file data.pdb (PDB, C-alpha atoms)
ATOM      1  CA  MET A   1       4.504 -15.632   8.734
ATOM      2  CA  LEU A   2       3.572 -11.975   8.264
ATOM      3  CA  SER A   3       6.103  -9.158   8.447
ATOM      4  CA  ASP A   4       5.740  -6.679  11.309
ATOM      5  CA  THR A   5       4.579  -4.032   8.821
ATOM      6  CA  LEU A   6       1.767  -6.225   7.464
ATOM      7  CA  SER A   7       0.787  -7.415  10.926
ATOM      8  CA  ASN A   8       0.625  -3.823  12.269
ATOM      9  CA  GLU A   9      -1.484  -2.688   9.318
ATOM     10  CA  LEU A  10      -3.920  -5.589   9.754
ATOM     11  CA  GLN A  11      -4.214  -4.916  13.495
ATOM     12  CA  ARG A  12      -5.170  -1.327  12.692
ATOM     13  CA  TYR A  13      -8.485  -2.630  11.323
ATOM     14  CA  ALA A  14      -9.298  -4.464  14.587
ATOM     15  CA  ILE A  15     -11.019  -7.290  12.707
ATOM     16  CA  GLY A  16     -10.941  -9.644  15.703
ATOM     17  CA  PRO A  17     -12.637  -7.220  18.118
ATOM     18  CA  ARG A  18     -15.239  -6.411  15.438
ATOM     19  CA  VAL A  19     -16.039 -10.114  15.023
ATOM     20  CA  LYS A  20     -16.317 -10.510  18.798
ATOM     21  CA  ALA A  21     -18.582  -7.436  19.080
ATOM     22  CA  LEU A  22     -20.932  -8.862  16.440
ATOM     23  CA  ARG A  23     -20.967 -12.263  18.159
ATOM     24  CA  LEU A  24     -21.738 -10.785  21.587
ATOM     25  CA  LYS A  25     -24.414  -8.486  20.159
ATOM     26  CA  LYS A  26     -26.183 -11.580  18.757
ATOM     27  CA  LYS A  27     -25.566 -13.413  22.069
ATOM     28  CA  LEU A  28     -23.753 -16.272  20.342
ATOM     29  CA  GLY A  29     -21.048 -18.425  21.903
ATOM     30  CA  LEU A  30     -17.964 -19.447  19.954
ATOM     31  CA  VAL A  31     -19.345 -22.972  19.482
ATOM     32  CA  GLN A  32     -22.627 -21.592  18.102
ATOM     33  CA  LEU A  33     -20.802 -19.272  15.699
ATOM     34  CA  ALA A  34     -18.596 -22.175  14.652
ATOM     35  CA  GLY A  35     -21.729 -24.191  13.827
ATOM     36  CA  HIS A  36     -23.070 -21.389  11.616
ATOM     37  CA  THR A  37     -19.795 -20.702   9.804
ATOM     38  CA  GLY A  38     -18.302 -24.200   9.561
ATOM     39  CA  LEU A  39     -15.131 -22.862  11.197
ATOM     40  CA  SER A  40     -13.645 -24.314  14.373
ATOM     41  CA  PRO A  41     -14.238 -22.574  17.721
ATOM     42  CA  ALA A  42     -10.433 -22.498  18.213
ATOM     43  CA  MET A  43      -9.922 -20.632  14.934
ATOM     44  CA  LEU A  44     -12.681 -18.142  15.759
ATOM     45  CA  SER A  45     -11.147 -17.566  19.201
ATOM     46  CA  LYS A  46      -7.721 -16.858  17.634
ATOM     47  CA  ILE A  47      -9.306 -14.420  15.171
ATOM     48  CA  GLU A  48     -11.173 -12.591  17.944
ATOM     49  CA  ARG A  49      -7.999 -12.295  20.050
ATOM     50  CA  GLY A  50      -5.973 -10.997  17.099
ATOM     51  CA  GLN A  51      -3.680 -14.038  17.076
ATOM     52  CA  MET A  52      -4.794 -14.928  13.551
ATOM     53  CA  PHE A  53      -5.954 -12.841  10.602
ATOM     54  CA  PRO A  54      -8.765 -14.420   8.585
ATOM     55  CA  THR A  55      -8.573 -14.837   4.821
ATOM     56  CA  LEU A  56     -11.245 -12.982   2.846
ATOM     57  CA  PRO A  57     -13.326 -16.156   2.236
ATOM     58  CA  THR A  58     -13.212 -16.926   5.981
ATOM     59  CA  LEU A  59     -14.172 -13.355   6.851
ATOM     60  CA  LEU A  60     -16.987 -13.475   4.302
ATOM     61  CA  ARG A  61     -18.399 -16.630   5.968
ATOM     62  CA  ILE A  62     -18.447 -14.761   9.304
ATOM     63  CA  ALA A  63     -19.942 -11.620   7.715
ATOM     64  CA  MET A  64     -22.747 -13.601   6.104
ATOM     65  CA  VAL A  65     -23.789 -15.047   9.478
ATOM     66  CA  PHE A  66     -24.234 -11.518  10.844
ATOM     67  CA  GLY A  67     -25.712 -10.030   7.660
ATOM     68  CA  VAL A  68     -22.949  -7.488   7.173
ATOM     69  CA  GLY A  69     -20.709  -6.828   4.199
ATOM     70  CA  LEU A  70     -16.921  -7.135   4.200
ATOM     71  CA  ASN A  71     -16.736  -3.338   4.382
ATOM     72  CA  HIS A  72     -18.022  -3.596   7.982
ATOM     73  CA  PHE A  73     -14.569  -4.868   8.977
ATOM     74  CA  PHE A  74     -12.621  -2.217   7.093
ATOM     75  CA  ASN A  75     -14.604   1.019   7.552
ATOM     76  CA  ALA A  76     -13.713   3.482  10.277
ATOM     77  CA  ASP A  77     -16.134   3.491  13.204
ATOM     78  CA  LYS A  78     -16.366   7.273  13.113
ATOM     79  CA  GLU A  79     -15.375  10.004  10.744
ATOM     80  CA  GLU A  80     -12.044  11.520  11.671
ATOM     81  CA  PRO A  81      -9.611  13.629   9.702
ATOM     82  CA  LEU A  82      -7.376  11.340   7.686
ATOM     83  CA  ILE A  83      -3.848  11.111   9.033
ATOM     84  CA  ALA A  84      -1.516   8.381   7.837
ATOM     85  CA  ILE A  85       2.018   8.160   9.188
ATOM     86  CA  VAL A  86       4.521   5.864   7.513
ATOM     87  CA  ARG A  87       7.732   5.214   9.426
ATOM     88  CA  LYS A  88      10.903   4.572   7.438
ATOM     89  CA  GLN A  89      11.354   1.087   8.940
ATOM     90  CA  GLN A  90       7.775   0.134   7.953
ATOM     91  CA  ARG A  91       8.213   0.742   4.229
ATOM     92  CA  LEU A  92       8.824  -2.087   1.785
ATOM     93  CA  LYS A  93      11.315  -1.554  -1.053
ATOM     94  CA  LEU A  94       9.943  -3.088  -4.256
ATOM     95  CA  PRO A  95      11.278  -3.271  -7.836
ATOM     96  CA  ASN A  96       9.274  -1.438 -10.509
ATOM     97  CA  LEU A  97       8.425  -4.838 -12.047
ATOM     98  CA  PRO A  98       7.980  -7.908  -9.765
ATOM     99  CA  GLY A  99      10.817 -10.438 -10.024
ATOM    100  CA  GLU A 100      13.015  -8.135 -12.109
ATOM    101  CA  LYS A 101      16.714  -9.037 -11.716
ATOM    102  CA  ASN A 102      17.972  -5.584 -12.755
ATOM    103  CA  PRO A 103      15.077  -3.164 -12.110
ATOM    104  CA  ALA A 104      14.940   0.318 -13.626
ATOM    105  CA  PHE A 105      14.079   1.612 -10.153
ATOM    106  CA  LEU A 106      13.066   0.552  -6.657
ATOM    107  CA  PHE A 107      10.172   2.268  -4.933
ATOM    108  CA  GLU A 108       8.646   2.600  -1.471
ATOM    109  CA  SER A 109       5.076   3.781  -0.890
ATOM    110  CA  LEU A 110       5.002   6.808   1.407
ATOM    111  CA  ASP A 111       1.234   6.819   1.954
ATOM    112  CA  TYR A 112      -0.023   3.205   1.789
ATOM    113  CA  PRO A 113      -2.120   3.305   5.007
ATOM    114  CA  ALA A 114      -4.325   6.120   3.674
ATOM    115  CA  SER A 115      -7.479   4.809   2.053
ATOM    116  CA  ASP A 116      -9.333   6.749  -0.647
ATOM    117  CA  ARG A 117      -6.175   8.652  -1.596
ATOM    118  CA  ARG A 118      -6.430  11.378  -4.224
ATOM    119  CA  MET A 119      -2.720  10.996  -4.883
ATOM    120  CA  GLU A 120       0.027   8.441  -4.278
ATOM    121  CA  ALA A 121       3.513   9.340  -3.048
ATOM    122  CA  PHE A 122       6.652   7.223  -3.470
ATOM    123  CA  TYR A 123      10.329   7.325  -2.698
ATOM    124  CA  ALA A 124      12.098   6.057  -5.831
ATOM    125  CA  GLU A 125      15.724   4.989  -6.098
ATOM    126  CA  PHE A 126      17.490   4.442  -9.422
ATOM    127  CA  PRO A 127      20.551   2.196  -8.834
ATOM    128  CA  VAL A 128      23.861   2.798 -10.627
ATOM    129  CA  ASP A 129      23.442  -0.225 -12.913
ATOM    130  CA  SER A 130      19.740   0.344 -13.638
ATOM    131  CA  PRO A 131      18.435   0.338 -17.212
ATOM    132  CA  PRO A 132      15.954   3.003 -18.392
ATOM    133  CA  SER A 133      12.362   2.214 -17.433
ATOM    134  CA  GLU A 134       9.885   1.127 -20.065
ATOM    135  CA  PRO A 135       7.459   3.840 -21.239
ATOM    136  CA  HIS A 136       4.182   3.689 -19.329
ATOM    137  CA  GLN A 137       1.014   5.739 -18.827
ATOM    138  CA  HIS A 138      -1.340   6.170 -15.868
ATOM    139  CA  GLY A 139      -3.674   8.626 -14.197
ATOM    140  CA  SER A 140      -3.726  12.307 -14.958
ATOM    141  CA  ALA A 141      -0.656  13.922 -13.393
ATOM    142  CA  GLU A 142       2.777  13.152 -11.960
ATOM    143  CA  PHE A 143       5.215  15.256  -9.962
ATOM    144  CA  ILE A 144       8.885  14.346  -9.414
ATOM    145  CA  TYR A 145      11.348  16.053  -7.057
ATOM    146  CA  VAL A 146      14.954  14.842  -7.386
ATOM    147  CA  LEU A 147      16.607  14.262  -4.004
ATOM    148  CA  ALA A 148      19.990  13.009  -5.259
ATOM    149  CA  GLY A 149      21.843  12.451  -8.513
ATOM    150  CA  ARG A 150      20.602  13.172 -12.000
ATOM    151  CA  LEU A 151      17.433  11.793 -13.577
ATOM    152  CA  THR A 152      16.160  12.187 -17.124
ATOM    153  CA  VAL A 153      12.405  12.013 -17.545
ATOM    154  CA  ASN A 154      11.088  11.377 -21.040
ATOM    155  CA  VAL A 155       7.504  12.522 -21.610
ATOM    156  CA  ASP A 156       5.946  11.779 -24.984
ATOM    157  CA  GLY A 157       9.372  11.550 -26.647
ATOM    158  CA  LYS A 158      10.846  14.699 -25.057
ATOM    159  CA  ASP A 159      13.713  14.451 -22.521
ATOM    160  CA  ALA A 160      13.945  16.643 -19.430
ATOM    161  CA  ALA A 161      17.221  16.298 -17.464
ATOM    162  CA  LEU A 162      16.784  16.948 -13.743
ATOM    163  CA  ASP A 163      19.542  17.510 -11.197
ATOM    164  CA  THR A 164      19.353  17.371  -7.398
ATOM    165  CA  GLY A 165      16.733  19.879  -6.236
ATOM    166  CA  ASP A 166      14.958  20.071  -9.622
ATOM    167  CA  ALA A 167      11.286  19.180 -10.035
ATOM    168  CA  VAL A 168       8.917  18.397 -12.883
ATOM    169  CA  TYR A 169       5.137  18.180 -13.204
ATOM    170  CA  PHE A 170       3.622  16.509 -16.273
ATOM    171  CA  ASP A 171       0.567  14.843 -17.777
ATOM    172  CA  SER A 172       1.087  11.170 -16.885
ATOM    173  CA  SER A 173      -1.554   9.999 -19.375
ATOM    174  CA  ALA A 174       1.202  10.580 -21.981
ATOM    175  CA  PRO A 175       3.814   7.802 -22.364
ATOM    176  CA  HIS A 176       6.738   8.529 -20.030
ATOM    177  CA  SER A 177       9.883   6.844 -18.714
ATOM    178  CA  TYR A 178      12.855   7.510 -16.413
ATOM    179  CA  ARG A 179      16.593   7.017 -16.790
ATOM    180  CA  ARG A 180      19.391   7.604 -14.285
ATOM    181  CA  GLU A 181      22.322   9.666 -15.560
ATOM    182  CA  GLY A 182      25.893   9.910 -14.266
ATOM    183  CA  GLU A 183      27.943   7.773 -11.883
ATOM    184  CA  GLU A 184      25.783   7.871  -8.750
ATOM    185  CA  ILE A 185      22.453   6.599  -7.504
ATOM    186  CA  SER A 186      19.514   8.876  -8.287
ATOM    187  CA  ALA A 187      16.682   9.257  -5.794
ATOM    188  CA  ALA A 188      13.405  11.136  -6.073
ATOM    189  CA  ILE A 189      10.017  11.737  -4.522
ATOM    190  CA  VAL A 190       7.325  10.799  -7.038
ATOM    191  CA  VAL A 191       3.690  11.851  -6.577
ATOM    192  CA  THR A 192       0.959  10.613  -8.925
ATOM    193  CA  SER A 193      -2.725  11.391  -9.163
ATOM    194  CA  SER A 194      -5.477   9.387 -10.766
TER     195      SER A 194
END
call {"tool": "encode", "arguments": {"input": "data.pdb", "output": "structure tokens"}}
result
Amino acid sequence: MLSDTLSNELQRYAIGPRVKALRLKKKLGLVQLAGHTGLSPAMLSKIERGQMFPTLPTLLRIAMVFGVGLNHFFNADKEEPLIAIVRKQQRLKLPNLPGEKNPAFLFESLDYPASDRRMEAFYAEFPVDSPPSEPHQHGSAEFIYVLAGRLTVNVDGKDAALDTGDAVYFDSSAPHSYRREGEEISAAIVVTSS
């Protein structure tokens, strides 16, 4: 069972209507398409009506029948200015490392629906009992704005203590880590670029 957030994001691509449009353009019935793909007519009908989301191998079987690539189902029909809205209730809170019992921080993507992003934005929360994060490196730049509490950012062995309202920009290709300070939860907006 998919969460509402995942289901809404998948519906945004309109995969079912795109499959149906290809089928009708080729003047194929569901039974004929089923014969070409090896999928059941019932499954194809559910996909077309948006009641079921196909796996990538299933979608690839359909794409091959019509001579299109998988990108046909994920590209925008027309060029429009990119606008991606993420509602608070749609975000997923994830630990910095999957399955971690006591994560260094929890994060929520603030821009996941935007494809071809030049940056990534996150809301990060550092719980009271959180350990310091492990040093890591990525991309070319990172920006952090502290919303609450106190956060120490270590970049290439140098600590920078940040209080609520403070910000830091640094070269994220250098090893860096985060550690909450004080008695309260720390929270920050983190923006990274590749």
call {"tool": "closest_residue", "arguments": {"input": "data.pdb", "among": "A:Ser7, A:Arg12, A:Ala148, A:Arg61", "to": "A:Ala114", "atoms": "only C-alpha atoms"}}
result
A:Arg12
call {"tool": "closest_residue", "arguments": {"input": "data.pdb", "among": "A:Tyr145, A:Tyr178, A:Phe122, A:Tyr112", "to": "A:Thr192", "atoms": "all atoms listed in the file"}}
result
A:Phe122
call {"tool": "resolve_selection", "arguments": {"input": "data.pdb", "expression": "the PyMOL selection byres ((chain A and resi 69-72) around 12)", "output": "PyMOL selection string"}}
result
chain A and resi 13-15+18-19+21-22+54-68+73-77
call {"tool": "closest_residue", "arguments": {"input": "data.pdb", "among": "A:Leu92, A:Val128, A:Ala104, A:Ala121", "to": "A:Asp4", "atoms": "only C-alpha atoms"}}
result
A:Leu92
call {"tool": "resolve_selection", "arguments": {"input": "data.pdb", "expression": "the PyMOL selection byres ((chain A and resi 190) around 12)", "output": "count of residues only"}}
result
34
call {"tool": "closest_residue", "arguments": {"input": "data.pdb", "among": "A:Lys27, A:Arg179, A:Arg87, A:His138", "to": "A:Pro103", "atoms": "only C-alpha atoms"}}
result
A:Arg179
call {"tool": "residues_near_point", "arguments": {"input": "data.pdb", "point": "(13.7, 13.8, -14.2)", "cutoff": "6 Å", "atoms": "only C-alpha atoms", "output": "list of chain:residue names"}}
result
A:Leu151, A:Thr152, A:Val153, A:Ala160, A:Ala161, A:Leu162
call {"tool": "closest_residue", "arguments": {"input": "data.pdb", "among": "A:Gly29, A:Pro17, A:Pro131, A:Pro113", "to": "A:Thr5", "atoms": "only C-alpha atoms"}}
result
A:Pro113
call {"tool": "atom_distance", "arguments": {"input": "data.pdb", "atom1": "atom CA of A:Pro175", "atom2": "atom CA of A:Gly157"}}
result
8.0 Å
call {"tool": "atom_distance", "arguments": {"input": "data.pdb", "atom1": "atom CA of A:Glu134", "atom2": "atom CA of A:Gln90"}}
result
28.1 Å
call {"tool": "residues_around", "arguments": {"input": "data.pdb", "residues": "A:Asp156", "least_positions_apart": "5", "cutoff": "10 Å", "atoms": "all atoms listed in the file", "output": "list of chain:residue names"}}
result
A:Pro135, A:Gln137, A:Asp171, A:Ser172, A:Ser173, A:Ala174, A:Pro175, A:His176, A:Ser177
call {"tool": "closest_residue", "arguments": {"input": "data.pdb", "among": "A:Glu184, A:Asp159, A:Glu48, A:Glu100", "to": "A:Asp129", "atoms": "all atoms listed in the file"}}
result
A:Glu184
